[in-house]
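Peer 1: Dropping in query37.txt, with compact mmCIF, C-alpha atoms and all ligand atoms.
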# COMPACT_ATOMS: atom_id res chain seq x y z
CA MET A 120 26.12 11.31 25.84
CA LYS A 121 28.18 10.02 22.95
CA ILE A 122 25.82 7.56 21.28
CA LEU A 123 26.05 5.16 18.34
CA ILE A 124 22.77 4.66 16.52
CA THR A 125 22.74 1.80 14.03
CA GLY A 126 20.01 2.12 11.42
CA GLY A 127 19.51 5.76 12.36
CA ALA A 128 18.65 6.75 8.79
CA GLY A 129 15.70 4.36 8.75
CA TYR A 130 12.08 4.92 9.65
CA ILE A 131 12.15 4.37 13.42
CA GLY A 132 15.82 5.18 13.91
CA SER A 133 15.46 8.60 12.27
CA HIS A 134 12.64 9.57 14.63
CA VAL A 135 14.80 8.57 17.60
CA VAL A 136 17.77 10.49 16.19
CA LYS A 137 15.60 13.58 16.03
CA ALA A 138 14.33 13.11 19.61
CA LEU A 139 17.84 12.57 21.02
CA GLY A 140 19.38 15.28 18.84
CA LYS A 141 16.93 17.83 20.22
CA LEU A 142 18.16 16.93 23.69
CA GLY A 143 21.72 17.75 22.69
CA HIS A 144 23.27 14.27 22.62
CA ASP A 145 26.33 13.66 20.49
CA LEU A 146 25.17 11.17 17.86
CA VAL A 147 26.91 8.97 15.32
CA ILE A 148 24.53 7.28 12.91
CA TYR A 149 25.76 4.10 11.26
CA ASP A 150 23.56 3.02 8.36
CA ASN A 151 24.12 1.21 5.07
CA LEU A 152 21.29 3.23 3.47
CA SER A 153 19.74 0.04 2.08
CA THR A 154 16.34 1.21 3.28
CA GLY A 155 17.36 4.39 5.09
CA HIS A 156 17.84 7.88 3.64
CA ARG A 157 20.57 10.43 4.08
CA GLN A 158 17.94 13.20 4.31
CA ALA A 159 16.31 11.45 7.27
CA VAL A 160 19.36 12.11 9.45
CA THR A 161 18.47 15.42 11.07
CA TYR A 162 21.13 15.41 13.79
CA GLY A 163 24.60 13.97 14.31
CA GLU A 164 27.21 12.53 11.99
CA LEU A 165 26.19 9.91 9.41
CA VAL A 166 28.70 7.16 8.70
CA VAL A 167 27.61 5.00 5.77
CA GLY A 168 28.45 1.39 6.46
CA ASP A 169 27.11 -2.09 7.02
CA LEU A 170 27.23 -3.89 10.34
CA ALA A 171 28.90 -6.77 8.54
CA GLU A 172 31.83 -4.49 7.62
CA LYS A 173 33.69 -5.50 10.72
CA SER A 174 36.85 -3.44 10.49
CA LYS A 175 34.93 -0.28 9.62
CA LEU A 176 32.63 -0.66 12.59
CA GLU A 177 35.44 -1.52 14.95
CA ALA A 178 37.41 1.55 13.84
CA LEU A 179 34.38 3.65 14.76
CA PHE A 180 34.23 2.15 18.26
CA GLU A 181 37.97 2.70 18.64
CA ALA A 182 37.74 6.35 17.56
CA LYS A 183 34.52 7.51 19.19
CA LYS A 184 34.44 6.03 22.68
CA PHE A 185 30.65 5.56 22.73
CA GLU A 186 28.80 5.58 26.02
CA ALA A 187 25.67 3.97 24.67
CA VAL A 188 24.45 2.09 21.59
CA LEU A 189 20.92 2.12 20.17
CA HIS A 190 20.54 -0.73 17.72
CA PHE A 191 17.87 -0.29 15.03
CA ALA A 192 19.61 -1.73 11.97
CA GLY A 193 18.02 -4.93 10.76
CA SER A 194 15.54 -6.52 8.41
CA ILE A 195 11.90 -6.18 9.38
CA VAL A 196 9.49 -7.70 6.89
CA VAL A 197 7.78 -10.81 8.21
CA PRO A 198 6.84 -12.43 4.86
CA GLU A 199 10.31 -11.77 3.47
CA SER A 200 11.79 -13.54 6.49
CA VAL A 201 9.71 -16.59 5.63
CA ALA A 202 11.04 -16.55 2.05
CA HIS A 203 14.66 -15.62 2.90
CA PRO A 204 15.37 -16.77 6.47
CA LEU A 205 19.15 -16.68 6.29
CA LYS A 206 19.10 -12.99 5.39
CA TYR A 207 17.28 -12.42 8.69
CA TYR A 208 19.68 -14.52 10.77
CA GLN A 209 22.58 -12.63 9.17
CA ASN A 210 21.20 -9.12 9.47
CA ASN A 211 19.40 -9.48 12.77
CA THR A 212 21.25 -12.14 14.74
CA LEU A 213 24.83 -12.43 13.49
CA ASN A 214 25.28 -8.69 13.01
CA SER A 215 23.91 -8.08 16.52
CA HIS A 216 26.38 -10.62 17.88
CA PHE A 217 29.26 -8.71 16.32
CA LEU A 218 27.97 -5.38 17.57
CA LEU A 219 27.68 -6.79 21.09
CA SER A 220 31.21 -8.18 20.91
CA LEU A 221 32.41 -4.64 20.17
CA CYS A 222 30.39 -3.28 23.10
CA GLU A 223 32.09 -5.85 25.30
CA LYS A 224 35.56 -5.06 23.95
CA TYR A 225 35.17 -1.28 24.13
CA LYS A 226 33.25 -1.34 27.41
CA VAL A 227 30.03 0.22 26.17
CA LYS A 228 27.64 -0.62 28.98
CA LYS A 229 24.33 0.87 27.89
CA PHE A 230 22.41 -0.67 25.03
CA ILE A 231 18.90 -0.27 23.65
CA PHE A 232 17.58 -2.90 21.31
CA SER A 233 14.70 -2.90 18.83
CA SER A 234 12.90 -6.13 19.55
CA THR A 235 9.47 -7.09 18.37
CA ALA A 236 6.07 -8.47 19.27
CA ALA A 237 6.88 -11.21 16.79
CA VAL A 238 8.78 -13.01 19.59
CA TYR A 239 5.41 -14.04 21.05
CA GLY A 240 4.28 -15.96 18.01
CA MET A 241 0.63 -16.79 18.38
CA PRO A 242 -0.47 -15.90 21.92
CA GLU A 243 -3.64 -17.72 22.93
CA ASP A 244 -5.87 -14.71 23.61
CA GLY A 245 -3.79 -12.29 21.53
CA LEU A 246 -2.72 -10.33 24.59
CA CYS A 247 1.02 -10.35 25.29
CA THR A 248 2.61 -9.73 28.67
CA GLU A 249 6.39 -9.75 28.85
CA ASN A 250 6.08 -13.16 30.54
CA SER A 251 3.89 -14.71 27.85
CA PRO A 252 5.42 -17.77 26.17
CA LEU A 253 8.01 -16.90 23.56
CA SER A 254 7.45 -18.92 20.49
CA PRO A 255 7.91 -17.06 17.23
CA ILE A 256 6.15 -18.37 14.15
CA ASN A 257 8.46 -16.77 11.62
CA PRO A 258 12.23 -16.40 11.12
CA TYR A 259 11.99 -12.66 11.79
CA GLY A 260 10.74 -13.30 15.33
CA HIS A 261 13.34 -16.01 15.93
CA SER A 262 16.17 -13.80 14.68
CA LYS A 263 15.21 -11.07 17.18
CA LEU A 264 14.57 -13.45 20.07
CA MET A 265 18.08 -14.87 19.73
CA THR A 266 19.46 -11.36 20.15
CA GLU A 267 17.36 -10.83 23.27
CA GLN A 268 18.95 -13.98 24.68
CA MET A 269 22.47 -12.74 23.87
CA LEU A 270 21.66 -9.48 25.64
CA LYS A 271 20.43 -11.27 28.75
CA ASP A 272 23.47 -13.52 28.89
CA LEU A 273 25.91 -10.67 28.34
CA ALA A 274 24.23 -8.58 31.03
CA ALA A 275 24.39 -11.52 33.45
CA SER A 276 28.11 -11.92 32.88
CA SER A 277 29.22 -8.28 33.09
CA GLU A 278 28.26 -4.70 33.92
CA PHE A 279 26.58 -4.35 30.54
CA ARG A 280 22.94 -3.23 30.85
CA PHE A 281 20.24 -3.09 28.22
CA VAL A 282 16.62 -2.28 27.53
CA ALA A 283 14.96 -4.27 24.76
CA LEU A 284 11.72 -2.77 23.53
CA ARG A 285 9.31 -5.20 21.94
CA TYR A 286 7.66 -3.03 19.32
CA PHE A 287 4.12 -3.70 18.26
CA ASN A 288 2.90 -2.17 14.97
CA VAL A 289 4.79 1.04 14.48
CA SER A 290 3.14 3.53 12.16
CA GLY A 291 2.51 7.20 11.49
CA ALA A 292 5.04 9.95 10.85
CA ASP A 293 6.79 12.86 12.54
CA PRO A 294 4.08 15.40 13.53
CA GLU A 295 6.37 18.20 12.27
CA GLY A 296 6.32 16.59 8.83
CA GLN A 297 10.09 16.21 8.63
CA LEU A 298 10.27 12.40 8.74
CA GLY A 299 8.20 9.41 7.75
CA GLN A 300 8.21 5.95 6.29
CA SER A 301 10.00 5.74 2.95
CA PHE A 302 10.54 2.06 2.44
CA PRO A 303 10.88 1.31 -1.29
CA GLU A 304 8.46 -1.62 -1.42
CA ALA A 305 6.49 -1.14 1.74
CA THR A 306 4.43 -3.99 3.12
CA HIS A 307 3.06 -2.45 6.32
CA LEU A 308 -0.67 -1.98 6.40
CA ILE A 309 -1.09 1.74 7.13
CA LYS A 310 1.72 2.68 4.76
CA VAL A 311 0.36 0.54 1.94
CA ALA A 312 -3.18 1.86 2.49
CA CYS A 313 -1.94 5.46 2.41
CA GLU A 314 -0.18 4.71 -0.87
CA ALA A 315 -3.49 3.39 -2.21
CA ALA A 316 -5.26 6.54 -0.97
CA CYS A 317 -2.64 8.62 -2.84
CA ALA A 318 -3.24 6.55 -6.01
CA LYS A 319 0.33 5.22 -5.88
CA ARG A 320 -1.20 1.75 -5.85
CA ASP A 321 -4.23 0.45 -7.64
CA HIS A 322 -5.64 -1.36 -4.58
CA LEU A 323 -5.03 -2.69 -1.09
CA LYS A 324 -5.26 -6.40 -0.32
CA ILE A 325 -6.64 -7.65 2.99
CA TYR A 326 -4.74 -10.83 3.79
CA GLY A 327 -7.19 -13.22 5.37
CA THR A 328 -10.74 -12.75 6.55
CA ASP A 329 -11.15 -16.14 8.24
CA TYR A 330 -9.09 -15.54 11.38
CA PRO A 331 -10.69 -16.22 14.78
CA THR A 332 -11.21 -12.50 15.47
CA SER A 333 -14.37 -10.39 15.70
CA ASP A 334 -14.51 -9.63 11.96
CA GLY A 335 -12.17 -12.34 10.65
CA SER A 336 -9.23 -10.02 9.87
CA CYS A 337 -6.03 -9.82 11.96
CA VAL A 338 -5.81 -7.59 15.01
CA ARG A 339 -2.74 -5.47 15.80
CA ASP A 340 -1.70 -2.80 18.30
CA TYR A 341 -0.70 0.25 16.22
CA ILE A 342 1.67 2.69 17.93
CA HIS A 343 2.76 6.12 16.68
CA VAL A 344 6.44 6.24 15.76
CA SER A 345 7.03 9.46 17.75
CA ASP A 346 5.69 7.83 20.92
CA LEU A 347 7.99 4.91 20.26
CA ALA A 348 10.90 7.34 19.83
CA GLU A 349 10.05 8.89 23.19
CA ALA A 350 10.11 5.43 24.78
CA HIS A 351 13.74 5.12 23.61
CA VAL A 352 14.60 8.47 25.17
CA ARG A 353 13.06 7.29 28.45
CA ALA A 354 14.86 3.96 28.24
CA LEU A 355 18.19 5.71 27.82
CA GLU A 356 17.49 7.99 30.79
CA TYR A 357 16.52 4.92 32.79
CA LEU A 358 19.84 3.23 32.04
CA GLU A 359 21.67 6.46 32.86
CA ARG A 360 19.97 6.50 36.26
CA GLY A 361 21.36 3.02 36.84
CA GLY A 362 18.21 1.08 35.95
CA LYS A 363 18.67 -2.64 35.54
CA SER A 364 18.32 -4.54 32.31
CA ASP A 365 14.79 -5.15 31.15
CA ILE A 366 12.60 -6.21 28.25
CA LEU A 367 9.44 -4.16 27.76
CA ASN A 368 6.44 -4.25 25.47
CA CYS A 369 5.92 -1.06 23.54
CA GLY A 370 2.40 -0.62 22.24
CA TYR A 371 -0.75 1.13 23.41
CA GLY A 372 -2.53 -1.90 24.79
CA HIS A 373 -5.46 -1.98 22.40
CA GLY A 374 -5.91 -3.60 19.03
CA PHE A 375 -7.67 -2.81 15.76
CA SER A 376 -8.58 -5.27 13.04
CA VAL A 377 -7.31 -4.82 9.50
CA LYS A 378 -10.87 -4.09 8.38
CA GLU A 379 -11.28 -1.44 11.08
CA VAL A 380 -8.01 0.20 10.08
CA VAL A 381 -8.95 0.24 6.40
CA LYS A 382 -12.35 1.75 7.18
CA LEU A 383 -10.75 4.49 9.26
CA ILE A 384 -8.13 5.23 6.60
CA LYS A 385 -10.88 5.73 4.03
CA GLU A 386 -12.69 8.00 6.46
CA VAL A 387 -9.64 10.10 7.36
CA THR A 388 -8.35 10.45 3.80
CA GLY A 389 -11.77 10.74 2.17
CA VAL A 390 -10.57 8.37 -0.56
CA ASP A 391 -12.55 5.22 -1.33
CA PHE A 392 -9.63 3.18 -2.73
CA LYS A 393 -10.13 -0.35 -4.00
CA VAL A 394 -9.84 -3.17 -1.46
CA ILE A 395 -9.48 -6.85 -2.36
CA GLU A 396 -10.02 -9.55 0.25
CA THR A 397 -7.63 -12.39 -0.37
CA ASP A 398 -5.91 -15.39 1.27
CA ARG A 399 -3.89 -15.28 4.47
CA ARG A 400 -0.28 -14.12 4.25
CA ALA A 401 2.44 -16.52 5.48
CA GLY A 402 3.66 -15.90 9.02
CA ASP A 403 0.79 -13.72 10.31
CA PRO A 404 -0.60 -14.43 13.80
CA ALA A 405 -4.33 -13.70 14.25
CA SER A 406 -4.04 -11.18 17.03
CA LEU A 407 -1.26 -9.29 18.84
CA THR A 408 -1.93 -6.68 21.50
CA ALA A 409 0.49 -5.47 24.16
CA LYS A 410 0.06 -5.47 27.89
CA VAL A 411 1.81 -2.22 28.76
CA ASP A 412 1.76 -1.75 32.54
CA ARG A 413 5.48 -2.44 32.87
CA ILE A 414 6.73 0.15 30.38
CA HIS A 415 4.50 2.82 31.93
CA GLY A 416 5.72 1.97 35.44
CA ILE A 417 9.41 1.45 34.74
CA LEU A 418 10.12 4.13 32.13
CA GLN A 419 7.34 6.56 33.10
CA TRP A 420 6.55 6.70 29.43
CA LYS A 421 3.53 8.83 28.54
CA PRO A 422 2.28 8.41 24.97
CA GLN A 423 1.03 11.56 23.22
CA PHE A 424 -0.52 10.15 20.05
CA ASP A 425 -2.65 7.23 21.19
CA ASP A 426 -5.34 7.83 18.58
CA LEU A 427 -5.50 5.80 15.39
CA LYS A 428 -6.92 8.75 13.45
CA VAL A 429 -3.94 10.90 14.42
CA ILE A 430 -1.58 8.12 13.37
CA ILE A 431 -3.31 7.73 10.02
CA ARG A 432 -3.47 11.47 9.37
CA SER A 433 0.28 11.86 9.97
CA ALA A 434 1.06 8.87 7.73
CA TYR A 435 -1.19 10.25 4.98
CA GLU A 436 0.28 13.76 5.19
CA TRP A 437 3.73 12.24 4.81
CA GLU A 438 2.68 10.05 1.91
CA LYS A 439 1.23 12.99 0.02
CA LYS A 440 4.38 15.06 0.07
CA LYS A 441 7.08 12.41 0.56
CA PRO A 442 10.30 14.30 -0.23
CA TYR A 443 12.45 11.13 -0.43
N1 LIG A 501 -1.99 -6.48 5.94
C1 LIG A 501 -2.93 -6.53 4.93
N2 LIG A 501 -2.62 -5.95 3.74
C2 LIG A 501 -1.44 -5.31 3.51
C3 LIG A 501 -0.50 -5.25 4.55
C4 LIG A 501 -0.81 -5.87 5.75
O1 LIG A 501 -4.01 -7.11 5.10
O2 LIG A 501 -1.23 -4.82 2.40
C5 LIG A 501 -2.31 -7.09 7.24
C6 LIG A 501 -1.35 -8.20 7.60
O3 LIG A 501 -1.74 -9.42 7.05
C7 LIG A 501 -1.43 -8.14 9.12
C8 LIG A 501 -1.68 -6.68 9.44
O4 LIG A 501 -2.17 -6.12 8.23
O5 LIG A 501 -2.51 -8.89 9.55
C9 LIG A 501 -0.44 -5.94 9.84
O6 LIG A 501 0.58 -6.24 8.91
P1 LIG A 501 1.89 -5.37 8.78
O7 LIG A 501 2.64 -5.90 7.61
O8 LIG A 501 1.55 -3.93 8.79
O9 LIG A 501 2.67 -5.65 10.12
P2 LIG A 501 3.03 -7.05 10.83
O10 LIG A 501 2.01 -7.26 11.90
O11 LIG A 501 3.22 -8.14 9.87
O12 LIG A 501 4.46 -6.77 11.41
C10 LIG A 501 4.74 -5.63 12.17
C11 LIG A 501 6.22 -5.37 12.17
C12 LIG A 501 6.94 -6.44 12.91
C13 LIG A 501 6.32 -6.71 14.24
C14 LIG A 501 4.85 -6.89 14.15
C15 LIG A 501 4.29 -7.00 15.52
O13 LIG A 501 6.72 -5.31 10.86
O14 LIG A 501 8.24 -6.01 13.11
O15 LIG A 501 4.28 -5.80 13.47
O16 LIG A 501 2.92 -6.92 15.53
F1 LIG A 501 6.82 -7.83 14.77
Turn the structure described in the file into C-alpha cells.
Ligand code: UFG

Peer 2:
Amino acid sequence: MKILITGGAGYIGSHVVKALGKLGHDLVIYDNLSTGHRQAVTYGELVVGDLAEKSKLEALFEAKKFEAVLHFAGSIVVPESVAHPLKYYQNNTLNSHFLLSLCEKYKVKKFIFSSTAAVYGMPEDGLCTENSPLSPINPYGHSKLMTEQMLKDLAASSEFRFVALRYFNVSGADPEGQLGQSFPEATHLIKVACEAACAKRDHLKIYGTDYPTSDGSCVRDYIHVSDLAEAHVRALEYLERGGKSDILNCGYGHGFSVKEVVKLIKEVTGVDFKVIETDRRAGDPASLTAKVDRIHGILQWKPQFDDLKVIIRSAYEWEKKKPY
C-alpha cells in the first residue's frame, strides 16, 4: 500500500515505519524533525515538513495518491500541555483537522490515529474499558479526544474508516537496537530513569507518593513500543479486510506503580541511582490500566514483549549507546 506516515521519524512512528517497511509497503514519512530524527527513518521516503504547512502537505497528497494515512505527529507531554494548552490544540487538534480534510478531498479512506489513555481522565478504579467515561484532566487528553470525535463524525458521513488506538504508557526500544526514544528533554518515567542509570542525570524524581494506590505512587500500564507497532500493522490489515471503524485500548492490561518500576530499573541495570520523592506533578491521574479484550479479539494482536524487565532492558541498552 502507498501510505503516508506523519511523525514517522519520531519514537513510536519510527518503530511502525520499520514494521511496515519490512512488509514491503510504499511509505512516505512526513515529519518536521522537531523531536524526530532523520536516522530513525529506516524505510521509505522522508519529506521534512510541518502539518501546518498546508500547501506543502496538500501537494504531497496530490502527487502521491495515498491509500492510507497513519497519523503519529503531535505533542505528547502531559505537563507541557498544562503549561501551554494552545500548542496542544494546534498540534494535535487543528493539524489533525487539516489532515482529515485532505483525506476527505483526496479520498483516502483508511486512517490510523494515535490516541491516548489520557482521554479517560481519572477513571474510578483505574481500569479503562473503551466505554469508560471520557473526561480528560489535561489539555493533552482533550486535544486527542477532539480528534477522535472528528474521526467518528467523518466516518459516519462517508466511506472513510479509521482505527484509533488509545495508547497507554509506551516504552522500551527496538529489540534489534536500531531505534529508541531520543526525545531531547524526556519526561517519561522509564526513559528518565534509564538516563539516571547511565549517569546522564543526577537523580530521578518520583512525583507524588500520596496517591490512593497500594504504595502511594501512580500506577500505569507500560507497553513495549514494538508490540504497539505490531498493533498498527494489525489495524491496517483489519481496515484492508474491510473492518469497520473502531477505537481500541492498547496496553497489556496490568499496571505497575512508579515505585515498582524504579525498583525494577535499579535491579535490571544494577545501578543504584539517586531517587527523590517529591510533590505530585500537574495533570497526573492516580491509576490508568487498560482493559484489552477488544483489541485482542478484533485485531488478533498478540504481544511479544509483555514483561517489564524486557522493556526496561531494551530501553537501557538503547540509552547506553544512543547514536542520535
Ligand atoms: N514520573 C515520575 N518521575 C519522572 C517521570 C514520571 O515520577 O521523572 C511518574 C509520573 O508522575 C506518572 C508516571 O511516572 O505518574 C508515568 O509518567 P510518564 O511521564 O512516563 O507518562 P504519563 O503517564 O504522564 O503519560 C504517558 C503518555 C501519554 C499517555 C499516558 C497514558 O505520555 O501520552 O501515558 O497513561 F496519555

Peer 1: Residues of chain A that have any atom at most 6 Å from an atom of ligand LIG 501 (chain A): could you tabulate them with the shortest-distance atom pair and the distance in Å to one decimal, using all atoms listed in the file, ordered by chain and increasing number, as a tab-separated table?

Peer 2:
residue	atom	partner	partner_atom	distance
A:Ile195	CA	A:LIG501	O14	5.2
A:Val196	CA	A:LIG501	O13	5.4
A:Val197	CA	A:LIG501	O11	5.5
A:Thr235	CA	A:LIG501	F1	4.5
A:Ala236	CA	A:LIG501	C15	4.4
A:Ala237	CA	A:LIG501	F1	3.9
A:Phe287	CA	A:LIG501	C15	4.3
A:Asn288	CA	A:LIG501	O15	4.2
A:Thr306	CA	A:LIG501	O7	5.2
A:His307	CA	A:LIG501	O8	3.3
A:Leu308	CA	A:LIG501	C3	3.8
A:Val311	CA	A:LIG501	O2	5.6
A:Leu323	CA	A:LIG501	O2	5.6
A:Lys324	CA	A:LIG501	N2	4.9
A:Ile325	CA	A:LIG501	O1	3.4
A:Tyr326	CA	A:LIG501	O1	4.0
A:Cys337	CA	A:LIG501	O5	4.4
A:Arg339	CA	A:LIG501	O16	5.8
A:Val377	CA	A:LIG501	O4	5.5
A:Arg400	CA	A:LIG501	O3	5.7
A:Asp403	CA	A:LIG501	O5	5.9
A:Leu407	CA	A:LIG501	O16	5.8

Peer 1: Could you tell me how far atom CA of A:Tyr162 lies from atom CA of A:Ile122, in Å and to one decimal?

Peer 2: 11.8 Å

Peer 1: Taking 4 positions as the minimum chain separation for residues in the same chain, which residues sit within 12 Å of A:Val227 when counting all atoms listed in the file? Answer as a ChimeraX atom specification.

Peer 2: /A:120-123,180-181,183-189,218-223,231,273-274,277-281

Peer 1: A:Gln209, A:Gln300, A:Ser290, A:Ala305: which is nearest A:Lys263, counting only C-alpha atoms?

Peer 2: A:Gln209

Peer 1: Using all atoms listed in the file, give me every residue within 8 Å of (15.9, -2.4, 29.0) in file coordinates, as a PyMOL selection string.

Peer 2: chain A and resi 230-232+280-284+354+358+363-367

Peer 1: Have a look at A:Ser276, A:Ser336, A:Thr248, A:Ser200 and name the one nearest to A:Gly370; count only C-alpha atoms.

Peer 2: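 Between A:Ser276, A:Ser336, A:Thr248, A:Ser200, the residue approaching A:Gly370 most closely is A:Thr248.
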
Peer 1: Just checking: using only C-alpha atoms, which residue out of A:Asn368, A:Asn211, A:Ser233, A:Ser254 ends up closest to A:Val135?

Peer 2: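 Among the listed residues, the smallest separation from A:Val135 belongs to A:Ser233.
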
Peer 1: In Å, how far is it from atom CA of A:Asp412 to atom CA of A:Lys137?

Peer 2: 26.4 Å

Peer 1: Please, can stretch 177-196 of chain A be completed to N, CA and C atoms and returned as a compact mmCIF listing (two decimals), keeping the file's coordinate frame?

Peer 2:
# COMPACT_ATOMS: atom_id res chain seq x y z
N GLU A 177 34.51 -1.51 13.81
CA GLU A 177 35.44 -1.52 14.95
C GLU A 177 36.24 -0.22 15.01
N ALA A 178 36.65 0.28 13.86
CA ALA A 178 37.41 1.55 13.84
C ALA A 178 36.58 2.68 14.45
N LEU A 179 35.29 2.63 14.21
CA LEU A 179 34.38 3.65 14.76
C LEU A 179 34.33 3.55 16.29
N PHE A 180 34.23 2.35 16.80
CA PHE A 180 34.23 2.15 18.26
C PHE A 180 35.55 2.64 18.86
N GLU A 181 36.62 2.31 18.18
CA GLU A 181 37.97 2.70 18.64
C GLU A 181 38.06 4.23 18.72
N ALA A 182 37.57 4.89 17.67
CA ALA A 182 37.74 6.35 17.56
C ALA A 182 36.79 7.13 18.46
N LYS A 183 35.56 6.64 18.61
CA LYS A 183 34.52 7.51 19.19
C LYS A 183 34.25 7.34 20.67
N LYS A 184 34.66 6.24 21.23
CA LYS A 184 34.44 6.03 22.68
C LYS A 184 32.96 6.24 23.07
N PHE A 185 32.09 5.44 22.47
CA PHE A 185 30.65 5.56 22.73
C PHE A 185 30.32 5.22 24.18
N GLU A 186 29.30 5.91 24.68
CA GLU A 186 28.80 5.58 26.02
C GLU A 186 27.55 4.71 25.95
N ALA A 187 26.88 4.77 24.82
CA ALA A 187 25.67 3.97 24.67
C ALA A 187 25.48 3.61 23.20
N VAL A 188 24.79 2.51 22.96
CA VAL A 188 24.45 2.09 21.59
C VAL A 188 22.93 1.87 21.52
N LEU A 189 22.33 2.43 20.47
CA LEU A 189 20.92 2.12 20.17
C LEU A 189 20.93 1.37 18.85
N HIS A 190 20.37 0.17 18.86
CA HIS A 190 20.54 -0.73 17.72
C HIS A 190 19.23 -0.95 16.96
N PHE A 191 19.08 -0.19 15.86
CA PHE A 191 17.87 -0.29 15.03
C PHE A 191 18.11 -1.10 13.76
N ALA A 192 19.36 -1.14 13.29
CA ALA A 192 19.61 -1.73 11.97
C ALA A 192 19.14 -3.18 11.94
N GLY A 193 18.47 -3.55 10.88
CA GLY A 193 18.02 -4.93 10.76
C GLY A 193 16.98 -5.04 9.67
N SER A 194 16.57 -6.28 9.42
CA SER A 194 15.54 -6.52 8.41
C SER A 194 14.23 -6.77 9.14
N ILE A 195 13.13 -6.27 8.58
CA ILE A 195 11.90 -6.18 9.38
C ILE A 195 10.63 -6.71 8.73
N VAL A 196 10.74 -7.33 7.58
CA VAL A 196 9.49 -7.70 6.89
C VAL A 196 9.18 -9.19 7.10
